[in-house]
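Coordinates from upload_6.tsv are shown below (TSV, C-alpha atoms and all ligand atoms).
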```
chain	number	residue	atom	x	y	z
A	27	MET	CA	-0.56	-3.05	23.60
A	28	SER	CA	-2.95	-5.87	22.71
A	29	GLU	CA	-3.00	-9.07	24.77
A	30	LYS	CA	-3.01	-10.98	21.50
A	31	LYS	CA	0.37	-11.61	19.96
A	32	ILE	CA	1.14	-12.96	16.53
A	33	ILE	CA	1.68	-16.69	16.56
A	34	PRO	CA	5.42	-17.39	16.59
A	35	GLY	CA	6.40	-19.85	13.87
A	36	ALA	CA	3.14	-19.40	11.95
A	37	SER	CA	3.52	-17.58	8.68
A	38	VAL	CA	3.62	-13.81	8.87
A	39	PRO	CA	2.30	-12.20	5.67
A	40	VAL	CA	5.12	-11.38	3.31
A	41	HIS	CA	3.24	-8.46	1.79
A	42	ILE	CA	0.55	-6.34	3.44
A	43	GLY	CA	-1.39	-3.59	1.67
A	44	ILE	CA	-3.25	-0.98	3.70
A	45	ILE	CA	-6.14	1.25	2.66
A	46	MET	CA	-5.61	3.96	5.26
A	47	ASP	CA	-9.16	5.27	5.64
A	48	GLY	CA	-10.88	7.46	8.20
A	49	ASN	CA	-8.62	10.49	8.53
A	50	GLY	CA	-11.45	12.88	7.69
A	51	ARG	CA	-13.90	11.25	10.13
A	52	TRP	CA	-11.26	11.29	12.86
A	53	ALA	CA	-10.92	15.06	12.44
A	54	GLN	CA	-14.69	15.67	12.12
A	55	LYS	CA	-15.31	13.84	15.40
A	56	ARG	CA	-13.06	16.43	17.03
A	57	ASN	CA	-14.51	19.41	15.15
A	58	GLN	CA	-11.21	19.83	13.39
A	59	ASN	CA	-10.32	20.43	9.77
A	60	ARG	CA	-9.91	17.26	7.67
A	61	THR	CA	-6.26	18.18	7.17
A	62	GLN	CA	-5.66	17.57	10.89
A	63	GLY	CA	-6.81	13.99	10.30
A	64	HIS	CA	-4.25	13.57	7.53
A	65	LEU	CA	-1.53	14.95	9.81
A	66	GLU	CA	-2.43	12.33	12.42
A	67	GLY	CA	-2.62	9.77	9.60
A	68	LEU	CA	0.97	10.49	8.71
A	69	LYS	CA	2.03	9.87	12.33
A	70	THR	CA	0.16	6.57	12.20
A	71	ALA	CA	1.89	5.60	8.96
A	72	LYS	CA	5.25	6.07	10.68
A	73	ARG	CA	4.12	3.91	13.66
A	74	ILE	CA	2.84	1.15	11.42
A	75	VAL	CA	5.92	1.13	9.18
A	76	LYS	CA	8.07	0.65	12.29
A	77	ALA	CA	5.78	-2.09	13.63
A	78	ALA	CA	5.66	-3.91	10.28
A	79	GLY	CA	9.45	-3.92	10.07
A	80	ASP	CA	9.69	-5.25	13.64
A	81	MET	CA	7.27	-8.09	12.77
A	82	GLY	CA	9.37	-9.21	9.84
A	83	ILE	CA	6.96	-8.15	7.10
A	84	ARG	CA	8.89	-7.76	3.85
A	85	TYR	CA	6.60	-5.46	1.83
A	86	LEU	CA	4.08	-2.86	2.98
A	87	THR	CA	2.01	-1.01	0.38
A	88	LEU	CA	0.32	2.15	1.70
A	89	TYR	CA	-2.56	3.65	-0.27
A	90	VAL	CA	-1.63	7.30	0.11
A	91	PHE	CA	-3.38	9.00	-2.80
A	92	SER	CA	-5.60	7.47	-5.44
A	93	THR	CA	-6.26	8.52	-9.03
A	94	GLU	CA	-9.71	9.53	-7.73
A	95	ASN	CA	-8.46	11.63	-4.81
A	96	TRP	CA	-7.85	14.57	-7.19
A	97	LYS	CA	-11.62	15.18	-6.87
A	98	ARG	CA	-11.04	16.61	-3.37
A	99	THR	CA	-10.61	20.34	-2.73
A	100	ALA	CA	-7.37	22.01	-3.85
A	101	GLU	CA	-6.64	22.74	-0.18
A	102	GLU	CA	-6.88	19.09	0.86
A	103	VAL	CA	-4.92	17.81	-2.16
A	104	GLY	CA	-2.20	20.42	-1.58
A	105	PHE	CA	-2.03	19.50	2.10
A	106	ILE	CA	-1.64	15.76	1.42
A	107	MET	CA	1.05	16.44	-1.22
A	108	GLY	CA	2.87	18.60	1.32
A	109	LEU	CA	2.72	15.79	3.87
A	110	VAL	CA	4.06	13.29	1.36
A	111	LYS	CA	6.96	15.59	0.54
A	112	ARG	CA	7.75	16.07	4.23
A	113	TYR	CA	7.55	12.34	4.84
A	114	LEU	CA	9.95	11.62	1.99
A	115	ILE	CA	12.49	14.20	3.16
A	116	GLU	CA	12.26	14.09	6.94
A	117	GLU	CA	12.13	10.31	7.36
A	118	MET	CA	15.35	9.64	5.45
A	119	ASP	CA	17.37	9.07	8.65
A	120	PHE	CA	14.73	6.57	9.83
A	121	TYR	CA	14.88	4.62	6.54
A	122	ARG	CA	18.65	4.61	6.70
A	123	GLN	CA	18.78	3.39	10.32
A	124	ASN	CA	16.18	0.68	9.64
A	125	ARG	CA	17.43	-0.19	6.11
A	126	ILE	CA	13.95	0.53	4.72
A	127	ARG	CA	13.59	0.70	0.97
A	128	ILE	CA	11.06	3.18	-0.44
A	129	ARG	CA	9.28	2.37	-3.70
A	130	HIS	CA	6.43	3.80	-5.69
A	131	THR	CA	3.37	2.43	-7.42
A	132	GLY	CA	1.14	4.70	-9.48
A	133	ASP	CA	1.52	7.11	-12.36
A	134	PRO	CA	4.29	9.62	-11.72
A	135	GLY	CA	3.06	11.50	-14.79
A	136	GLY	CA	0.14	13.09	-12.91
A	137	LEU	CA	2.08	14.15	-9.81
A	138	PRO	CA	3.53	17.61	-9.10
A	139	PRO	CA	7.19	17.79	-10.26
A	140	ASP	CA	8.59	18.45	-6.76
A	141	ILE	CA	6.88	15.30	-5.44
A	142	VAL	CA	8.22	13.23	-8.35
A	143	ARG	CA	11.71	14.59	-7.64
A	144	GLU	CA	11.59	13.72	-3.92
A	145	LEU	CA	10.02	10.34	-4.64
A	146	ARG	CA	12.77	9.45	-7.15
A	147	GLN	CA	15.42	10.67	-4.72
A	148	ALA	CA	14.03	8.57	-1.85
A	149	CYS	CA	13.71	5.50	-4.11
A	150	ASP	CA	17.28	5.95	-5.40
A	151	ASP	CA	18.81	6.64	-1.98
A	152	THR	CA	17.22	3.54	-0.43
A	153	ARG	CA	17.54	1.21	-3.45
A	154	ASP	CA	20.11	-1.11	-1.83
A	155	PHE	CA	18.47	-1.39	1.60
A	156	GLN	CA	17.53	-4.96	2.45
A	157	GLY	CA	14.94	-4.36	5.20
A	158	LEU	CA	11.22	-3.71	4.85
A	159	GLN	CA	10.12	-2.33	1.49
A	160	VAL	CA	7.51	0.42	1.78
A	161	ILE	CA	5.60	0.95	-1.45
A	162	LEU	CA	3.83	4.30	-1.58
A	163	ALA	CA	0.73	4.11	-3.76
A	164	LEU	CA	0.61	7.69	-5.00
A	165	ASN	CA	-1.60	8.78	-7.87
A	166	TYR	CA	-2.45	5.08	-7.92
A	167	GLY	CA	-5.51	3.33	-9.31
A	168	GLY	CA	-5.75	-0.42	-9.91
A	169	ARG	CA	-7.53	0.11	-13.21
A	170	ASP	CA	-5.00	2.74	-14.20
A	171	GLU	CA	-2.10	0.38	-13.39
A	172	ILE	CA	-3.64	-2.30	-15.64
A	173	ARG	CA	-4.30	0.32	-18.34
A	174	ARG	CA	-0.65	1.42	-18.22
A	175	ALA	CA	0.48	-2.23	-18.38
A	176	VAL	CA	-1.64	-2.81	-21.51
A	177	GLN	CA	-0.22	0.39	-23.02
A	178	ARG	CA	3.32	-0.98	-22.46
A	179	ILE	CA	2.38	-4.26	-24.15
A	180	VAL	CA	0.86	-2.49	-27.15
A	181	ARG	CA	3.96	-0.31	-27.43
A	182	GLU	CA	6.02	-3.49	-27.96
A	183	GLY	CA	4.14	-4.18	-31.26
A	184	PRO	CA	3.76	-4.43	-34.23
A	185	GLY	CA	2.63	-8.00	-34.80
A	186	GLU	CA	0.34	-10.33	-32.96
A	187	ILE	CA	1.06	-10.59	-29.25
A	188	THR	CA	0.00	-13.58	-27.17
A	189	VAL	CA	-1.31	-12.01	-24.00
A	190	THR	CA	-0.63	-14.15	-20.96
A	191	GLU	CA	-1.10	-13.39	-17.29
A	192	ASP	CA	2.68	-13.47	-16.92
A	193	LEU	CA	3.04	-10.86	-19.66
A	194	ILE	CA	0.53	-8.54	-17.99
A	195	ARG	CA	2.18	-9.04	-14.62
A	196	SER	CA	5.59	-8.24	-16.08
A	197	CYS	CA	4.23	-4.88	-17.26
A	198	LEU	CA	2.73	-3.83	-13.91
A	199	ASP	CA	4.51	-1.19	-11.82
A	200	ASN	CA	6.57	-3.53	-9.60
A	201	PRO	CA	6.55	-7.04	-11.12
A	202	ASP	CA	9.18	-8.33	-8.70
A	203	ILE	CA	7.00	-7.71	-5.65
A	204	PRO	CA	4.86	-10.70	-4.61
A	205	ASP	CA	1.09	-10.23	-4.49
A	206	PRO	CA	-0.23	-9.00	-1.15
A	207	ASP	CA	-1.13	-11.80	1.25
A	208	LEU	CA	-3.23	-9.48	3.36
A	209	ILE	CA	-5.11	-6.29	2.57
A	210	ILE	CA	-6.23	-4.21	5.51
A	211	ARG	CA	-8.89	-1.54	5.28
A	212	THR	CA	-9.43	0.75	8.23
A	213	ALA	CA	-12.55	2.75	9.18
A	214	GLY	CA	-15.04	0.02	8.36
A	215	GLU	CA	-15.85	0.50	4.67
A	216	LEU	CA	-16.40	-2.69	2.65
A	217	ARG	CA	-14.87	-1.60	-0.66
A	218	THR	CA	-11.66	-2.22	-2.59
A	219	SER	CA	-11.58	1.41	-3.83
A	220	ASN	CA	-9.45	0.54	-6.86
A	221	PHE	CA	-6.53	-0.73	-4.73
A	222	LEU	CA	-4.21	-3.37	-6.24
A	223	LEU	CA	-6.98	-4.85	-8.40
A	224	TRP	CA	-4.70	-7.27	-10.26
A	225	GLU	CA	-2.45	-8.15	-7.34
A	226	ALA	CA	-5.26	-8.73	-4.82
A	227	ALA	CA	-6.80	-11.68	-6.70
A	228	TYR	CA	-6.08	-14.05	-3.79
A	229	SER	CA	-5.36	-11.64	-0.96
A	230	GLU	CA	-7.04	-12.10	2.38
A	231	TYR	CA	-9.02	-9.03	3.48
A	232	TYR	CA	-9.17	-7.63	6.99
A	233	ILE	CA	-11.61	-4.80	7.74
A	234	SER	CA	-11.23	-2.82	10.93
A	235	ASP	CA	-13.72	-0.29	12.26
A	236	ILE	CA	-10.91	1.68	13.85
A	237	LEU	CA	-10.09	4.94	12.07
A	238	TRP	CA	-6.59	5.11	10.61
A	239	PRO	CA	-5.26	7.82	12.95
A	240	ASP	CA	-6.16	5.56	15.92
A	241	TRP	CA	-4.23	2.56	14.59
A	242	THR	CA	-1.34	1.30	16.68
A	243	GLU	CA	0.98	-1.70	16.63
A	244	ALA	CA	-1.74	-3.62	18.53
A	245	GLU	CA	-4.19	-3.27	15.61
A	246	LEU	CA	-1.56	-4.50	13.16
A	247	GLN	CA	-0.85	-7.46	15.43
A	248	ALA	CA	-4.58	-8.27	15.60
A	249	ALA	CA	-4.79	-8.19	11.78
A	250	VAL	CA	-1.78	-10.50	11.41
A	251	LEU	CA	-3.15	-12.83	14.08
A	252	ASP	CA	-6.45	-13.01	12.20
A	253	PHE	CA	-4.56	-13.70	8.96
A	254	GLN	CA	-2.73	-16.57	10.67
A	255	SER	CA	-6.07	-18.27	11.36
A	256	ARG	CA	-7.14	-18.29	7.69
A	257	GLU	CA	-6.89	-21.28	5.41
A	258	ARG	CA	-5.66	-20.07	2.03
A	259	ARG	CA	-6.71	-22.34	-0.81
A	260	PHE	CA	-6.09	-20.21	-3.89
A	261	GLY	CA	-9.14	-21.80	-5.52
A	262	ALA	CA	-7.93	-25.36	-4.98
A	263	VAL	CA	-9.33	-28.18	-2.85
A	264	PRO	CA	-6.88	-29.41	-0.18
A	265	GLY	CA	-5.38	-32.82	-1.01
A	266	ILE	CA	-6.47	-32.81	-4.64
A	267	GLN	CA	-3.89	-32.13	-7.33
A	268	GLY	CA	-5.55	-30.65	-10.41
A	269	ARG	CA	-4.25	-29.23	-13.66
A	270	ILE	CA	-3.99	-25.52	-14.44
A	271	ASN	CA	-4.77	-24.90	-18.09
A	272	HIS	CA	-5.65	-21.33	-18.78
A	273	GLU	CA	-2.80	-20.19	-21.01
B	1	LIG	C1	-8.24	8.48	3.56
B	1	LIG	O1	-8.98	9.06	4.57
B	1	LIG	C2	-6.87	9.02	3.54
B	1	LIG	C3	-6.27	9.62	2.48
B	1	LIG	C4	-6.90	9.76	1.17
B	1	LIG	C5	-4.92	10.20	2.59
B	1	LIG	C6	-3.92	9.29	3.23
B	1	LIG	C7	-2.73	10.10	3.58
B	1	LIG	C8	-2.03	9.97	4.72
B	1	LIG	C9	-2.33	8.98	5.76
B	1	LIG	C10	-0.89	10.87	4.99
B	1	LIG	C11	0.32	10.60	4.15
B	1	LIG	C12	0.96	9.28	4.43
B	1	LIG	C13	2.16	8.92	3.96
B	1	LIG	C14	2.70	7.58	4.27
B	1	LIG	C15	3.02	9.82	3.16
B	1	LIG	P1	-10.24	9.96	4.19
B	1	LIG	O2	-9.77	11.37	4.04
B	1	LIG	O3	-10.90	9.41	2.97
B	1	LIG	O4	-11.12	9.79	5.45
B	1	LIG	P2	-12.72	9.81	5.53
B	1	LIG	O5	-13.21	8.64	4.71
B	1	LIG	O6	-13.00	9.65	6.99
B	1	LIG	O7	-13.16	11.12	4.98
```

Could I get this file's structure written as structure tokens?
Amino acid sequence: MSEKKIIPGASVPVHIGIIMDGNGRWAQKRNQNRTQGHLEGLKTAKRIVKAAGDMGIRYLTLYVFSTENWKRTAEEVGFIMGLVKRYLIEEMDFYRQNRIRIRHTGDPGGLPPDIVRELRQACDDTRDFQGLQVILALNYGGRDEIRRAVQRIVREGPGEITVTEDLIRSCLDNPDIPDPDLIIRTAGELRTSNFLLWEAAYSEYYISDILWPDWTEAELQAAVLDFQSRERRFGAVPGIQGRINHE
């Protein structure tokens, strides 16, 4: 475990999003198939969910499968879908014990029917749990989420609609969930990769060179500690009260 601990009393992020990257590289370094990296990645996800709950984080969004990940081989896609299904079924006792609520962001329309069934079941079975909320970003793309929101608005027609930020937000996948305070990307890439494009407008970013399968509670603590040292201004200047007038 890391020497560094999160600062007690300082604000812990309410919502953390994680781009879990580096599974393939982890496997390649060991001359293993990429799927082995995803298997280890799943173990890491379980570790980090537990650690996040213990730290008092309220929402954790995990980028499991993007709208672009369908470009991978059928073998890899099938393997990841199998892992997701296993995770949803086999972890139910863990969610129950820890009162973890499972949620989904992304387009269920493009997912295999058995995954949609298990996802709905897990979301329904954990709906009333008051602990950490784990949001699985599955068949998720930030642009696609905004596109689907606009589609919902248009469907409300006919007639002229005044489009406000609040209206768009209300049509996103989970409008009740606060925007992520902190977005973590593992494995060193400096990209957003279409993750939470609307919601991340004022998120703090934390990039770690460590590959996702190597992440432990200590890495999460280091990320939260780093977050606690940031000054968040949301575009304002401290001490000056301005006027917001964009709608
Ligand atoms: C990115 O690494 C990882 C993915 C696209 C899949 C993530 C899936 C898991 C961690 C397992 C399922 C988890 C849950 C919670 C159900 P990459 O393959 O792009 O790695 P690379 O950039 O090194 O090739």

Close residues, A:His64 itself excluded, 12 Å, all atoms listed in the file, min 6 positions apart in chain, as a PyMOL selection string:
chain A and resi 46-54+58+70-71+90-91+102-110+237-240

Residues near stretch 77-87 of chain A, anyone? I mean within 7 Å using all atoms listed in the file, not counting same-chain ones fewer than 5 positions away, as a PyMOL selection string.
chain A and resi 38-44+158-163+243

I need the residue nearest ligand LIG 1 (chain B) from this list: A:Arg195, A:Arg153, A:Arg217, A:Arg181. Use all atoms listed in the file for the distance.
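Smallest distance to ligand LIG 1 (chain B) is found for A:Arg217.
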
Neighbour list for A:Ala249 as a PDB file with C-alpha atoms, in the frame of the given file, cut-off 8 Å, all atoms listed in the file, skip fewer than 3 positions in-chain:
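Result saved to part21.pdb:
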```pdb
ATOM      1  CA  ILE A 210      -6.230  -4.210   5.510  1.00  0.00           C
ATOM      2  CA  TYR A 232      -9.170  -7.630   6.990  1.00  0.00           C
ATOM      3  CA  GLU A 245      -4.190  -3.270  15.610  1.00  0.00           C
ATOM      4  CA  LEU A 246      -1.560  -4.500  13.160  1.00  0.00           C
ATOM      5  CA  ASP A 252      -6.450 -13.010  12.200  1.00  0.00           C
ATOM      6  CA  PHE A 253      -4.560 -13.700   8.960  1.00  0.00           C
TER       7      PHE A 253
END
```

Which of A:Arg56, A:Arg73, A:Arg112, A:Arg122 sits closest to A:Gly157 [using all atoms listed in the file]:
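So, comparing all the options, the nearest one is A:Arg122.
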
Quick one: everything within 8 Å of stretch 197-200 of chain A, counting all atoms listed in the file, minus sequence neighbours fewer than 6 positions away in the same chain. Send it as a list in words.
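Skipping anything fewer than 6 positions along the chain leaves Thr131, Gly132, Glu171, Ile172, Arg174, Ala175, Val176, Arg178 and Ile179 of chain A.
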
Pairwise distance for atom CA of A:Thr61 and atom CA of A:Thr99, rounded to one decimal in Å
11.0 Å

Need to verify the contact set: A:Gly167, 7 Å, all atoms listed in the file, exclusion of same-chain residues closer than 6 positions in sequence. Can you return it as a PDB file with C-alpha atoms, in the frame of the given file?
```pdb
ATOM      1  CA  SER A  92      -5.600   7.470  -5.440  1.00  0.00           C
ATOM      2  CA  THR A  93      -6.260   8.520  -9.030  1.00  0.00           C
ATOM      3  CA  GLY A 132       1.140   4.700  -9.480  1.00  0.00           C
ATOM      4  CA  ASN A 220      -9.450   0.540  -6.860  1.00  0.00           C
ATOM      5  CA  PHE A 221      -6.530  -0.730  -4.730  1.00  0.00           C
TER       6      PHE A 221
END
```

Nearest to A:Pro204 among A:Glu186, A:Glu191, A:Glu225, A:Asp150, with distances taken over only C-alpha atoms: which residue is it?
A:Glu225

Please compute the atom CA of A:Gly185-atom CA of A:Pro201 distance, one decimal, in Å.
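If I compute the distance from atom CA of A:Gly185 to atom CA of A:Pro201, I get 24.0 Å.
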
What gap, in Å, lies between atom CA of A:Ile74 and atom CA of A:Arg98?
25.5 Å

Adding 5 Å on each side of the box along x, y and z that holds all listed atoms of stretch 106-115 of chain A, could you give its centre and edge lengths in Å to one decimal, as JSON?
```
{"center_x": 5.4, "center_y": 15.1, "center_z": 1.8, "size_x": 24.1, "size_y": 17.0, "size_z": 16.1}
```

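Surrounding residues of (16.3, 9.5, 4.9) at most 12 Å away are Lys111, Arg112, Tyr113, Leu114, Ile115, Glu116, Glu117, Met118, Asp119, Phe120, Tyr121, Arg122, Gln123, Asn124, Arg125, Ile126, Arg127, Ile128, Glu144, Leu145, Gln147, Ala148, Cys149, Asp150, Asp151, Thr152, Arg153 and Phe155 of chain A (based on all atoms listed in the file).
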
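Proximity of A:Leu222, A:Leu216, A:Ala227, A:Leu208 to ligand LIG 1 (chain B), computed with all atoms listed in the file, is greatest for A:Leu216.
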
Find, counting only C-alpha atoms and all ligand atoms, the residue in A:Gln156, A:Gln62, A:Thr190, A:Asn95 that gets nearest to ligand LIG 1 (chain B).
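For ligand LIG 1 (chain B), the nearest of the candidates is A:Asn95.
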
Rank A:Asp154, A:Glu94, A:Glu257, A:Asp205 by their smallest atom-to-atom distance to A:Tyr166, using all atoms listed in the file, and report the top residue only.
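Among the listed residues, A:Glu94 lies closest to A:Tyr166.
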
Could you add the missing atoms to stretch 244-257 of chain A, up to N, CA, C and O atoms, and return them as an mmCIF file, in the frame of the given file?
```
data_model
loop_
_atom_site.group_PDB
_atom_site.id
_atom_site.type_symbol
_atom_site.label_atom_id
_atom_site.label_comp_id
_atom_site.auth_asym_id
_atom_site.auth_seq_id
_atom_site.Cartn_x
_atom_site.Cartn_y
_atom_site.Cartn_z
ATOM 1 N N ALA A 244 -0.813 -2.581 18.059
ATOM 2 C CA ALA A 244 -1.740 -3.620 18.530
ATOM 3 C C ALA A 244 -2.755 -3.988 17.443
ATOM 4 O O ALA A 244 -3.102 -5.165 17.281
ATOM 5 N N GLU A 245 -3.225 -2.992 16.682
ATOM 6 C CA GLU A 245 -4.190 -3.270 15.610
ATOM 7 C C GLU A 245 -3.514 -4.085 14.505
ATOM 8 O O GLU A 245 -4.105 -5.002 13.946
ATOM 9 N N LEU A 246 -2.269 -3.745 14.207
ATOM 10 C CA LEU A 246 -1.560 -4.500 13.160
ATOM 11 C C LEU A 246 -1.362 -5.951 13.619
ATOM 12 O O LEU A 246 -1.544 -6.893 12.850
ATOM 13 N N GLN A 247 -1.022 -6.102 14.890
ATOM 14 C CA GLN A 247 -0.850 -7.460 15.430
ATOM 15 C C GLN A 247 -2.152 -8.245 15.342
ATOM 16 O O GLN A 247 -2.156 -9.427 14.986
ATOM 17 N N ALA A 248 -3.274 -7.592 15.649
ATOM 18 C CA ALA A 248 -4.580 -8.270 15.600
ATOM 19 C C ALA A 248 -4.881 -8.716 14.164
ATOM 20 O O ALA A 248 -5.413 -9.807 13.930
ATOM 21 N N ALA A 249 -4.534 -7.856 13.199
ATOM 22 C CA ALA A 249 -4.790 -8.190 11.780
ATOM 23 C C ALA A 249 -3.934 -9.385 11.357
ATOM 24 O O ALA A 249 -4.422 -10.296 10.674
ATOM 25 N N VAL A 250 -2.687 -9.393 11.794
ATOM 26 C CA VAL A 250 -1.780 -10.500 11.410
ATOM 27 C C VAL A 250 -2.231 -11.788 12.096
ATOM 28 O O VAL A 250 -2.229 -12.868 11.493
ATOM 29 N N LEU A 251 -2.657 -11.663 13.344
ATOM 30 C CA LEU A 251 -3.150 -12.830 14.080
ATOM 31 C C LEU A 251 -4.373 -13.425 13.367
ATOM 32 O O LEU A 251 -4.487 -14.639 13.191
ATOM 33 N N ASP A 252 -5.262 -12.569 12.931
ATOM 34 C CA ASP A 252 -6.450 -13.010 12.200
ATOM 35 C C ASP A 252 -6.029 -13.711 10.895
ATOM 36 O O ASP A 252 -6.544 -14.776 10.551
ATOM 37 N N PHE A 253 -5.067 -13.117 10.202
ATOM 38 C CA PHE A 253 -4.560 -13.700 8.960
ATOM 39 C C PHE A 253 -4.019 -15.118 9.228
ATOM 40 O O PHE A 253 -4.232 -16.039 8.431
ATOM 41 N N GLN A 254 -3.350 -15.273 10.362
ATOM 42 C CA GLN A 254 -2.730 -16.570 10.670
ATOM 43 C C GLN A 254 -3.764 -17.668 10.912
ATOM 44 O O GLN A 254 -3.438 -18.846 10.860
ATOM 45 N N SER A 255 -5.022 -17.261 11.134
ATOM 46 C CA SER A 255 -6.070 -18.270 11.360
ATOM 47 C C SER A 255 -6.768 -18.659 10.062
ATOM 48 O O SER A 255 -7.634 -19.531 10.044
ATOM 49 N N ARG A 256 -6.439 -18.011 8.960
ATOM 50 C CA ARG A 256 -7.140 -18.290 7.690
ATOM 51 C C ARG A 256 -6.524 -19.493 6.978
ATOM 52 O O ARG A 256 -5.315 -19.679 7.002
ATOM 53 N N GLU A 257 -7.385 -20.202 6.276
ATOM 54 C CA GLU A 257 -6.890 -21.280 5.410
ATOM 55 C C GLU A 257 -6.899 -20.752 3.990
ATOM 56 O O GLU A 257 -7.955 -20.422 3.444
#
```
